[in-house]
Structure formats: C-alpha cells, structure tokens
>>> print(open('input17.pdb').read())   # PDB, C-alpha atoms and all ligand atoms
ATOM      1  CA  MET A  28      16.622  14.533   3.791  1.00  0.00           C
ATOM      2  CA  ALA A  29      20.114  15.988   3.698  1.00  0.00           C
ATOM      3  CA  ILE A  30      21.542  12.566   3.062  1.00  0.00           C
ATOM      4  CA  LEU A  31      20.579  12.392  -0.581  1.00  0.00           C
ATOM      5  CA  ASN A  32      20.750  16.095  -1.421  1.00  0.00           C
ATOM      6  CA  VAL A  33      24.529  15.816  -1.448  1.00  0.00           C
ATOM      7  CA  TYR A  34      24.228  13.873  -4.677  1.00  0.00           C
ATOM      8  CA  SER A  35      21.695  16.079  -6.405  1.00  0.00           C
ATOM      9  CA  THR A  36      24.086  18.159  -8.530  1.00  0.00           C
ATOM     10  CA  PHE A  37      25.003  15.331 -10.893  1.00  0.00           C
ATOM     11  CA  THR A  38      23.312  12.313 -12.408  1.00  0.00           C
ATOM     12  CA  ILE A  39      22.977   9.595  -9.850  1.00  0.00           C
ATOM     13  CA  ARG A  40      21.554   6.134  -9.574  1.00  0.00           C
ATOM     14  CA  MET A  41      18.692   6.013  -7.112  1.00  0.00           C
ATOM     15  CA  LEU A  42      17.291   2.970  -5.415  1.00  0.00           C
ATOM     16  CA  ASN A  43      13.671   1.857  -5.021  1.00  0.00           C
ATOM     17  CA  LEU A  44      12.328   0.180  -1.893  1.00  0.00           C
ATOM     18  CA  SER A  45       9.237  -1.949  -1.464  1.00  0.00           C
ATOM     19  CA  LEU A  46       7.511  -1.835   1.921  1.00  0.00           C
ATOM     20  CA  THR A  47       5.019  -4.645   2.067  1.00  0.00           C
ATOM     21  CA  GLY A  48       3.097  -6.777   4.573  1.00  0.00           C
ATOM     22  CA  THR A  49      -0.426  -7.432   5.829  1.00  0.00           C
ATOM     23  CA  PRO A  50      -2.617  -4.340   6.358  1.00  0.00           C
ATOM     24  CA  GLY A  51      -1.901  -2.808   9.770  1.00  0.00           C
ATOM     25  CA  VAL A  52       1.723  -3.914  10.141  1.00  0.00           C
ATOM     26  CA  GLY A  53       3.013  -0.339   9.928  1.00  0.00           C
ATOM     27  CA  LYS A  54       4.037   0.243   6.308  1.00  0.00           C
ATOM     28  CA  THR A  55       2.592   3.762   6.111  1.00  0.00           C
ATOM     29  CA  THR A  56       4.084   4.827   9.429  1.00  0.00           C
ATOM     30  CA  LEU A  57       7.534   3.546   8.465  1.00  0.00           C
ATOM     31  CA  GLY A  58       7.370   4.708   4.838  1.00  0.00           C
ATOM     32  CA  LYS A  59       6.449   8.316   5.587  1.00  0.00           C
ATOM     33  CA  GLU A  60       9.124   8.677   8.248  1.00  0.00           C
ATOM     34  CA  LEU A  61      11.663   7.003   5.994  1.00  0.00           C
ATOM     35  CA  ALA A  62      10.869   9.467   3.213  1.00  0.00           C
ATOM     36  CA  GLN A  63      11.524  12.355   5.591  1.00  0.00           C
ATOM     37  CA  ARG A  64      14.834  10.937   6.716  1.00  0.00           C
ATOM     38  CA  THR A  65      16.168   9.888   3.307  1.00  0.00           C
ATOM     39  CA  GLY A  66      14.605  12.303   0.818  1.00  0.00           C
ATOM     40  CA  LEU A  67      13.169   9.364  -1.121  1.00  0.00           C
ATOM     41  CA  THR A  68       9.578   9.722  -2.381  1.00  0.00           C
ATOM     42  CA  TYR A  69       6.865   7.774  -0.553  1.00  0.00           C
ATOM     43  CA  VAL A  70       4.015   6.321  -2.620  1.00  0.00           C
ATOM     44  CA  ASN A  71       0.987   4.650  -1.073  1.00  0.00           C
ATOM     45  CA  ILE A  72      -0.580   2.453  -3.757  1.00  0.00           C
ATOM     46  CA  GLY A  73      -4.009   2.593  -2.101  1.00  0.00           C
ATOM     47  CA  ASP A  74      -3.975   6.403  -2.256  1.00  0.00           C
ATOM     48  CA  LEU A  75      -2.602   6.452  -5.797  1.00  0.00           C
ATOM     49  CA  ALA A  76      -5.380   4.130  -6.949  1.00  0.00           C
ATOM     50  CA  GLN A  77      -8.026   6.210  -5.247  1.00  0.00           C
ATOM     51  CA  GLU A  78      -6.753   9.477  -6.708  1.00  0.00           C
ATOM     52  CA  GLY A  79      -6.630   8.077 -10.245  1.00  0.00           C
ATOM     53  CA  GLN A  80      -9.619   5.736  -9.794  1.00  0.00           C
ATOM     54  CA  LEU A  81      -7.339   2.915 -10.957  1.00  0.00           C
ATOM     55  CA  TYR A  82      -9.960   0.272 -10.250  1.00  0.00           C
ATOM     56  CA  ASP A  83     -11.390  -2.662 -12.092  1.00  0.00           C
ATOM     57  CA  GLY A  84     -14.669  -3.558 -10.392  1.00  0.00           C
ATOM     58  CA  TYR A  85     -15.757  -3.958  -6.775  1.00  0.00           C
ATOM     59  CA  ASP A  86     -15.173  -6.815  -4.315  1.00  0.00           C
ATOM     60  CA  ASP A  87     -18.491  -7.403  -2.509  1.00  0.00           C
ATOM     61  CA  GLU A  88     -17.005  -9.843  -0.013  1.00  0.00           C
ATOM     62  CA  TYR A  89     -14.368  -7.433   1.301  1.00  0.00           C
ATOM     63  CA  GLN A  90     -16.347  -4.335   0.393  1.00  0.00           C
ATOM     64  CA  CYS A  91     -13.564  -2.583  -1.427  1.00  0.00           C
ATOM     65  CA  PRO A  92     -12.716  -1.653  -5.008  1.00  0.00           C
ATOM     66  CA  ILE A  93     -10.497  -4.050  -6.972  1.00  0.00           C
ATOM     67  CA  LEU A  94      -7.162  -2.613  -8.024  1.00  0.00           C
ATOM     68  CA  ASP A  95      -6.486  -2.345 -11.746  1.00  0.00           C
ATOM     69  CA  GLU A  96      -2.931  -3.650 -11.468  1.00  0.00           C
ATOM     70  CA  ASP A  97      -1.886  -2.884 -15.056  1.00  0.00           C
ATOM     71  CA  ARG A  98      -2.939   0.738 -14.774  1.00  0.00           C
ATOM     72  CA  VAL A  99      -1.163   1.099 -11.426  1.00  0.00           C
ATOM     73  CA  VAL A 100       2.049  -0.261 -12.957  1.00  0.00           C
ATOM     74  CA  ASP A 101       1.706   2.012 -16.016  1.00  0.00           C
ATOM     75  CA  GLU A 102       1.050   5.020 -13.806  1.00  0.00           C
ATOM     76  CA  LEU A 103       4.196   4.491 -11.739  1.00  0.00           C
ATOM     77  CA  ASP A 104       6.647   3.007 -14.204  1.00  0.00           C
ATOM     78  CA  GLU A 105       8.334   6.228 -15.334  1.00  0.00           C
ATOM     79  CA  LYS A 106       9.014   7.319 -11.759  1.00  0.00           C
ATOM     80  CA  MET A 107      10.276   3.876 -10.834  1.00  0.00           C
ATOM     81  CA  VAL A 108      12.718   3.924 -13.738  1.00  0.00           C
ATOM     82  CA  GLU A 109      14.048   7.291 -12.498  1.00  0.00           C
ATOM     83  CA  GLY A 110      14.357   5.757  -9.033  1.00  0.00           C
ATOM     84  CA  GLY A 111      14.224   7.103  -5.496  1.00  0.00           C
ATOM     85  CA  MET A 112      10.836   5.626  -4.609  1.00  0.00           C
ATOM     86  CA  ILE A 113       9.393   3.945  -1.523  1.00  0.00           C
ATOM     87  CA  VAL A 114       6.342   1.889  -2.524  1.00  0.00           C
ATOM     88  CA  ASP A 115       3.835   0.881   0.174  1.00  0.00           C
ATOM     89  CA  TYR A 116       1.326  -1.855  -0.634  1.00  0.00           C
ATOM     90  CA  HIS A 117      -0.095  -4.977   1.046  1.00  0.00           C
ATOM     91  CA  GLY A 118       1.176  -7.094  -1.798  1.00  0.00           C
ATOM     92  CA  CYS A 119       4.182  -7.039  -4.056  1.00  0.00           C
ATOM     93  CA  ASP A 120       3.913  -9.609  -6.837  1.00  0.00           C
ATOM     94  CA  LEU A 121       1.908  -7.254  -9.062  1.00  0.00           C
ATOM     95  CA  PHE A 122       4.977  -5.037  -9.530  1.00  0.00           C
ATOM     96  CA  PRO A 123       7.742  -5.765 -12.066  1.00  0.00           C
ATOM     97  CA  GLU A 124      10.756  -7.430 -10.473  1.00  0.00           C
ATOM     98  CA  ARG A 125      13.066  -4.852 -12.077  1.00  0.00           C
ATOM     99  CA  TRP A 126      11.500  -2.057  -9.995  1.00  0.00           C
ATOM    100  CA  PHE A 127      12.993  -2.916  -6.621  1.00  0.00           C
ATOM    101  CA  HIS A 128      16.487  -3.085  -5.206  1.00  0.00           C
ATOM    102  CA  ILE A 129      15.211  -4.267  -1.842  1.00  0.00           C
ATOM    103  CA  VAL A 130      11.929  -5.530  -0.390  1.00  0.00           C
ATOM    104  CA  PHE A 131      11.044  -5.171   3.290  1.00  0.00           C
ATOM    105  CA  VAL A 132       8.217  -7.328   4.646  1.00  0.00           C
ATOM    106  CA  LEU A 133       6.947  -5.927   7.948  1.00  0.00           C
ATOM    107  CA  ARG A 134       5.727  -8.488  10.482  1.00  0.00           C
ATOM    108  CA  THR A 135       3.440  -8.009  13.501  1.00  0.00           C
ATOM    109  CA  ASP A 136       2.333 -10.441  16.214  1.00  0.00           C
ATOM    110  CA  ASN A 137      -1.269 -11.632  15.747  1.00  0.00           C
ATOM    111  CA  THR A 138      -2.703 -10.169  18.912  1.00  0.00           C
ATOM    112  CA  GLN A 139      -1.223  -6.735  18.209  1.00  0.00           C
ATOM    113  CA  LEU A 140      -2.375  -6.843  14.619  1.00  0.00           C
ATOM    114  CA  TYR A 141      -5.867  -7.858  15.701  1.00  0.00           C
ATOM    115  CA  THR A 142      -6.081  -4.827  17.987  1.00  0.00           C
ATOM    116  CA  ARG A 143      -4.724  -2.460  15.336  1.00  0.00           C
ATOM    117  CA  LEU A 144      -7.163  -3.679  12.675  1.00  0.00           C
ATOM    118  CA  GLU A 145     -10.087  -3.667  15.079  1.00  0.00           C
ATOM    119  CA  SER A 146      -9.408  -0.052  15.961  1.00  0.00           C
ATOM    120  CA  ARG A 147      -9.284   0.677  12.216  1.00  0.00           C
ATOM    121  CA  GLY A 148     -12.880  -0.578  12.080  1.00  0.00           C
ATOM    122  CA  TYR A 149     -12.255  -4.011  10.575  1.00  0.00           C
ATOM    123  CA  THR A 150     -14.736  -6.649  11.756  1.00  0.00           C
ATOM    124  CA  GLY A 151     -15.841 -10.210  10.983  1.00  0.00           C
ATOM    125  CA  LYS A 152     -14.355 -11.999   8.010  1.00  0.00           C
ATOM    126  CA  LYS A 153     -12.222  -9.055   6.898  1.00  0.00           C
ATOM    127  CA  LEU A 154     -10.573  -8.894  10.326  1.00  0.00           C
ATOM    128  CA  GLN A 155     -10.107 -12.672  10.592  1.00  0.00           C
ATOM    129  CA  ASP A 156      -8.738 -13.041   7.067  1.00  0.00           C
ATOM    130  CA  ASN A 157      -6.194 -10.294   7.520  1.00  0.00           C
ATOM    131  CA  VAL A 158      -4.935 -11.731  10.806  1.00  0.00           C
ATOM    132  CA  GLN A 159      -4.735 -15.162   9.153  1.00  0.00           C
ATOM    133  CA  CYS A 160      -2.811 -13.660   6.270  1.00  0.00           C
ATOM    134  CA  GLU A 161      -0.201 -12.585   8.815  1.00  0.00           C
ATOM    135  CA  ILE A 162      -0.223 -15.935  10.658  1.00  0.00           C
ATOM    136  CA  PHE A 163       0.338 -17.815   7.391  1.00  0.00           C
ATOM    137  CA  GLN A 164       3.042 -15.283   6.363  1.00  0.00           C
ATOM    138  CA  THR A 165       1.293 -14.971   3.026  1.00  0.00           C
ATOM    139  CA  ILE A 166       2.953 -11.727   1.974  1.00  0.00           C
ATOM    140  CA  TYR A 167       6.412 -12.907   2.973  1.00  0.00           C
ATOM    141  CA  GLU A 168       5.988 -16.004   0.814  1.00  0.00           C
ATOM    142  CA  GLU A 169       4.633 -13.898  -2.030  1.00  0.00           C
ATOM    143  CA  ALA A 170       7.715 -11.660  -1.819  1.00  0.00           C
ATOM    144  CA  MET A 171      10.094 -14.631  -1.713  1.00  0.00           C
ATOM    145  CA  GLU A 172       8.493 -16.021  -4.864  1.00  0.00           C
ATOM    146  CA  ALA A 173       8.300 -12.745  -6.749  1.00  0.00           C
ATOM    147  CA  TYR A 174      11.800 -11.404  -5.993  1.00  0.00           C
ATOM    148  CA  SER A 175      15.291 -12.722  -5.615  1.00  0.00           C
ATOM    149  CA  GLU A 176      15.447 -14.108  -2.055  1.00  0.00           C
ATOM    150  CA  GLU A 177      18.584 -12.091  -1.180  1.00  0.00           C
ATOM    151  CA  ILE A 178      16.716  -8.806  -1.510  1.00  0.00           C
ATOM    152  CA  VAL A 179      13.737  -9.808   0.673  1.00  0.00           C
ATOM    153  CA  HIS A 180      14.025  -8.947   4.376  1.00  0.00           C
ATOM    154  CA  GLN A 181      11.538  -9.379   7.216  1.00  0.00           C
ATOM    155  CA  LEU A 182      11.339  -6.650   9.844  1.00  0.00           C
ATOM    156  CA  PRO A 183       9.512  -6.959  13.189  1.00  0.00           C
ATOM    157  CA  SER A 184       6.987  -4.145  13.586  1.00  0.00           C
ATOM    158  CA  ASN A 185       5.422  -4.508  17.033  1.00  0.00           C
ATOM    159  CA  THR A 186       6.696  -1.597  19.107  1.00  0.00           C
ATOM    160  CA  PRO A 187       7.919   2.001  18.719  1.00  0.00           C
ATOM    161  CA  GLU A 188      11.416   0.622  19.394  1.00  0.00           C
ATOM    162  CA  ASP A 189      11.034  -1.701  16.390  1.00  0.00           C
ATOM    163  CA  LEU A 190       9.993   1.275  14.283  1.00  0.00           C
ATOM    164  CA  GLU A 191      13.062   3.275  15.311  1.00  0.00           C
ATOM    165  CA  ARG A 192      15.383   0.311  14.737  1.00  0.00           C
ATOM    166  CA  ASN A 193      13.893  -0.346  11.308  1.00  0.00           C
ATOM    167  CA  LEU A 194      14.262   3.301  10.361  1.00  0.00           C
ATOM    168  CA  GLU A 195      17.896   3.396  11.408  1.00  0.00           C
ATOM    169  CA  GLN A 196      18.709   0.170   9.583  1.00  0.00           C
ATOM    170  CA  ILE A 197      17.033   1.208   6.352  1.00  0.00           C
ATOM    171  CA  VAL A 198      18.580   4.687   6.424  1.00  0.00           C
ATOM    172  CA  GLN A 199      22.036   3.122   6.874  1.00  0.00           C
ATOM    173  CA  TRP A 200      21.385   0.587   4.162  1.00  0.00           C
ATOM    174  CA  THR A 201      20.193   3.344   1.806  1.00  0.00           C
ATOM    175  CA  GLU A 202      23.297   5.446   2.433  1.00  0.00           C
ATOM    176  CA  GLN A 203      25.511   2.445   1.771  1.00  0.00           C
ATOM    177  CA  TRP A 204      23.672   1.598  -1.445  1.00  0.00           C
ATOM    178  CA  MET A 205      24.092   5.170  -2.686  1.00  0.00           C
ATOM    179  CA  LYS A 206      27.821   5.058  -1.960  1.00  0.00           C
ATOM    180  CA  ASP A 207      28.249   1.693  -3.643  1.00  0.00           C
ATOM    181  CA  HIS A 208      26.341   2.656  -6.795  1.00  0.00           C
ATOM    182  CA  ASN A 209      27.541   6.210  -7.398  1.00  0.00           C
TER
HETATM  183  P1  LIG B 301      -0.181  -0.196   7.317  1.00  0.00           P
HETATM  184  O1  LIG B 301       0.249   0.985   6.483  1.00  0.00           O
HETATM  185  O2  LIG B 301       0.728  -1.368   7.175  1.00  0.00           O
HETATM  186  O3  LIG B 301      -1.606  -0.577   7.123  1.00  0.00           O
HETATM  187  P2  LIG B 301      -0.001   1.688   9.533  1.00  0.00           P
HETATM  188  O4  LIG B 301       1.315   2.350   9.302  1.00  0.00           O
HETATM  189  O5  LIG B 301      -1.221   2.434   9.121  1.00  0.00           O
HETATM  190  O6  LIG B 301      -0.020   0.238   8.867  1.00  0.00           O
HETATM  191  O7  LIG B 301      -0.053   1.291  11.075  1.00  0.00           O
HETATM  192  C1  LIG B 301      -1.203   0.709  11.675  1.00  0.00           C
HETATM  193  C2  LIG B 301      -1.289   1.177  13.124  1.00  0.00           C
HETATM  194  O8  LIG B 301      -0.215   0.618  13.852  1.00  0.00           O
HETATM  195  C3  LIG B 301      -1.199   2.680  13.308  1.00  0.00           C
HETATM  196  O9  LIG B 301      -2.082   3.019  14.354  1.00  0.00           O
HETATM  197  C4  LIG B 301       0.221   2.936  13.743  1.00  0.00           C
HETATM  198  C5  LIG B 301       0.567   1.648  14.458  1.00  0.00           C
HETATM  199  N1  LIG B 301       1.980   1.243  14.313  1.00  0.00           N
HETATM  200  C6  LIG B 301       2.686   1.191  13.175  1.00  0.00           C
HETATM  201  N2  LIG B 301       3.937   0.748  13.398  1.00  0.00           N
HETATM  202  C7  LIG B 301       4.021   0.521  14.729  1.00  0.00           C
HETATM  203  C8  LIG B 301       5.060   0.046  15.592  1.00  0.00           C
HETATM  204  N3  LIG B 301       6.274  -0.301  15.145  1.00  0.00           N
HETATM  205  N4  LIG B 301       4.794  -0.059  16.914  1.00  0.00           N
HETATM  206  C9  LIG B 301       3.566   0.273  17.385  1.00  0.00           C
HETATM  207  N5  LIG B 301       2.538   0.720  16.627  1.00  0.00           N
HETATM  208  C10 LIG B 301       2.774   0.840  15.318  1.00  0.00           C
END
>>> encode(input="input17.pdb", output="structure tokens")
Amino acid sequence: MAILNVYSTFTIRMLNLSLTGTPGVGKTTLGKELAQRTGLTYVNIGDLAQEGQLYDGYDDEYQCPILDEDRVVDELDEKMVEGGMIVDYHGCDLFPERWFHIVFVLRTDNTQLYTRLESRGYTGKKLQDNVQCEIFQTIYEEAMEAYSEEIVHQLPSNTPEDLERNLEQIVQWTEQWMKDHN
C-alpha cells in the first residue's frame, strides 16, 4: 500500500492490470492480495455485474446470467481512464484495448483445476467445459488476439509458492512502471 502513496501528492499516471484466466485459476486470490500490496483498486467483474444487475438474459445451459458487456464497460470506463485498477474476469476481449497496460493470464494444471472447480460445486458439463477451456488455453489465445502480444504474460498458478512469486513479480513490475511513467 505504501508503495503508491508516495506519489499521491501530485498528479500521476496510474497503470491498469488485467488478471484473466479460466474460472478457478486464482485471479481473485491474487488480485485481492495484489491490491493490498500495491494500493491499486481491485475490481471483480462478476461482483460488479451482480451489484448493478448488468445482465442481458440468462444462459440455461450454464445456469448463469449473461453479462451485458456494454453496460459493464460503461460502468467502469471513467475509473479505468483515471487508472490504478486491477480487473479480474474470466475473459478479456470484451474490454477496450486502451484500458490495460499489462495482461496476466493465470494458468493451472488440469487436475488441480478440476479439484478446485469440483469443490466450488461445479459438476457435469460446466466442470468439463471449464477444464477444457484451460486445456485448450482459450483465454490465453483470446488475450493474445485482443491485446498487443508484448503486454500479455502467462503466470503459473498451481501452488502457494506460485502465488507468492507472482505477487512479488507484479509488485516489482508495478513499481518499475510507476517510476518509468512519472
Ligand atoms: P478465480 O478467481 O480465478 O476463479 P480463486 O482465486 O477463487 O480463482 O481461486 C480458486 C481456488 O484456488 C481457491 O480455493 C483458492 C485456490 N488458489 C488460488 N490460487 C492458488 C495457488 N496459487 N495455489 C493454490 N491454491 C490456489
């Protein structure tokens, strides 16, 4: 938190991070901890949509509401322009390219992901499809298509050691970005 407060007395450029990847890879865990360590603001798109009921219908197959992407983008745009945001969502190509300075795609081994999603209560097709999404690296490919390839980075997210390493790397990268741009 102290890291960014140093800059708070004058106008500064702030970066925005995307944390993306298949459900269960650890975006929320990493994003919340990262917010604590950097002072950046964590936003979970699923929560934001639920709070504002930013939905456009219901998906019977997956038994979940369908995100109204335009309203989500409108809702967040002002904050994104100000900067200093960490955005957590299991997709990334719905967001404007200009929003992000860096995109992290978290990756988890299939067996681990299976266990995590099962303990979250996922079963049947929903469980299988999500694990397949990870096997086929769907979100990584989506990120590589939607953003400049140099800003897209994969991070392993299997163990607590991975989590700590990812945190340290992103905190360092954030500090460096702030120095370079202010
Ligand atoms: P997501 O937000 O991507 O859906 P999550 O942060 O809710 O994922 O994490 C899913 C589960 O996995 C949760 O029980 C915490 C655990 N987890 C997250 N990152 C981990 C890591 N690096 N090592 C071990 N477990 C992790």
>>> closest_atom_pairs(input="input17.pdb", of="chain A", to="ligand LIG 301 (chain B)", cutoff="6 Å", atoms="all atoms listed in the file", output="CSV")
residue,atom,partner,partner_atom,distance
A:Pro50,CA,B:LIG301,O3,4.0
A:Gly51,CA,B:LIG301,O3,3.5
A:Val52,CA,B:LIG301,O2,4.0
A:Gly53,CA,B:LIG301,O4,3.2
A:Lys54,CA,B:LIG301,O2,3.8
A:Thr55,CA,B:LIG301,O1,3.7
A:Thr56,CA,B:LIG301,O4,3.7
A:Arg143,CA,B:LIG301,C2,5.5
A:Ser184,CA,B:LIG301,N3,4.2
A:Asn185,CA,B:LIG301,N4,4.5
A:Thr186,CA,B:LIG301,N4,3.3
A:Pro187,CA,B:LIG301,N4,4.2
A:Asp189,CA,B:LIG301,N3,5.1
A:Leu190,CA,B:LIG301,N3,4.1
>>> closest_residue(input="input17.pdb", among="A:Thr38, A:Gln77, A:Thr49, A:Glu60", to="Val158 of chain A", atoms="all atoms listed in the file")
A:Thr49
>>> axis_aligned_box(input="input17.pdb", around="segment 105-109 of chain A", padding_each_side="6 Å", output="JSON")
{"center_x": 11.2, "center_y": 5.6, "center_z": -13.1, "size_x": 17.7, "size_y": 15.4, "size_z": 16.5}
>>> closest_atom_pairs(input="input17.pdb", of="segment 117-168 of chain A", to="segment 195-205 of chain A", cutoff="12 Å", atoms="all atoms listed in the file", output="Markdown table")
| residue | atom | partner | partner_atom | distance |
| --- | --- | --- | --- | --- |
| A:His128 | CA | A:Trp204 | CA | 9.4 |
| A:Ile129 | CA | A:Thr201 | CA | 9.8 |
| A:Val130 | CA | A:Ile197 | CA | 10.8 |
| A:Phe131 | CA | A:Ile197 | CA | 9.3 |
>>> resolve_selection(input="input17.pdb", expression="the PyMOL selection byres (((chain A and resi 58) around 10) and not hetatm)", output="PDB file with C-alpha atoms, keeping the file's coordinate frame")
ATOM      1  CA  LEU A  44      12.328   0.180  -1.893  1.00  0.00           C
ATOM      2  CA  SER A  45       9.237  -1.949  -1.464  1.00  0.00           C
ATOM      3  CA  LEU A  46       7.511  -1.835   1.921  1.00  0.00           C
ATOM      4  CA  GLY A  53       3.013  -0.339   9.928  1.00  0.00           C
ATOM      5  CA  LYS A  54       4.037   0.243   6.308  1.00  0.00           C
ATOM      6  CA  THR A  55       2.592   3.762   6.111  1.00  0.00           C
ATOM      7  CA  THR A  56       4.084   4.827   9.429  1.00  0.00           C
ATOM      8  CA  LEU A  57       7.534   3.546   8.465  1.00  0.00           C
ATOM      9  CA  LYS A  59       6.449   8.316   5.587  1.00  0.00           C
ATOM     10  CA  GLU A  60       9.124   8.677   8.248  1.00  0.00           C
ATOM     11  CA  LEU A  61      11.663   7.003   5.994  1.00  0.00           C
ATOM     12  CA  ALA A  62      10.869   9.467   3.213  1.00  0.00           C
ATOM     13  CA  GLN A  63      11.524  12.355   5.591  1.00  0.00           C
ATOM     14  CA  ARG A  64      14.834  10.937   6.716  1.00  0.00           C
ATOM     15  CA  LEU A  67      13.169   9.364  -1.121  1.00  0.00           C
ATOM     16  CA  THR A  68       9.578   9.722  -2.381  1.00  0.00           C
ATOM     17  CA  TYR A  69       6.865   7.774  -0.553  1.00  0.00           C
ATOM     18  CA  VAL A  70       4.015   6.321  -2.620  1.00  0.00           C
ATOM     19  CA  ASN A  71       0.987   4.650  -1.073  1.00  0.00           C
ATOM     20  CA  ILE A 113       9.393   3.945  -1.523  1.00  0.00           C
ATOM     21  CA  VAL A 114       6.342   1.889  -2.524  1.00  0.00           C
ATOM     22  CA  ASP A 115       3.835   0.881   0.174  1.00  0.00           C
ATOM     23  CA  LEU A 194      14.262   3.301  10.361  1.00  0.00           C
TER      24      LEU A 194
END
>>> atom_distance(input="input17.pdb", atom1="atom CA of Asp207 of chain A", atom2="atom CA of Val108 of chain A")
18.7 Å
>>> resolve_selection(input="input17.pdb", expression="the PyMOL selection byres (((chain A and resi 176) around 12) and not hetatm)", output="list in words")
Glu124, His128, Ile129, Val130, Phe131, Val132, Tyr167, Glu168, Glu169, Ala170, Met171, Glu172, Ala173, Tyr174, Ser175, Glu177, Ile178, Val179, His180 and Gln181 of chain A
>>> closest_residue(input="input17.pdb", among="A:Asn43, A:Thr150, A:Thr165, A:Thr135", to="Gly110 of chain A", atoms="all atoms listed in the file")
A:Asn43
>>> atom_distance(input="input17.pdb", atom1="atom CA of Arg98 of chain A", atom2="atom CA of Gly111 of chain A")
20.5 Å
>>> atom_distance(input="input17.pdb", atom1="atom CA of Leu81 of chain A", atom2="atom CA of Gly151 of chain A")
26.9 Å
>>> closest_residue(input="input17.pdb", among="A:Asp156, A:Glu161, A:Thr47, A:Asp120", to="Leu140 of chain A", atoms="all atoms listed in the file")
A:Glu161
>>> closest_residue(input="input17.pdb", among="A:Glu105, A:Leu94, A:Phe163, A:Pro183", to="Gln139 of chain A", atoms="all atoms listed in the file")
A:Pro183
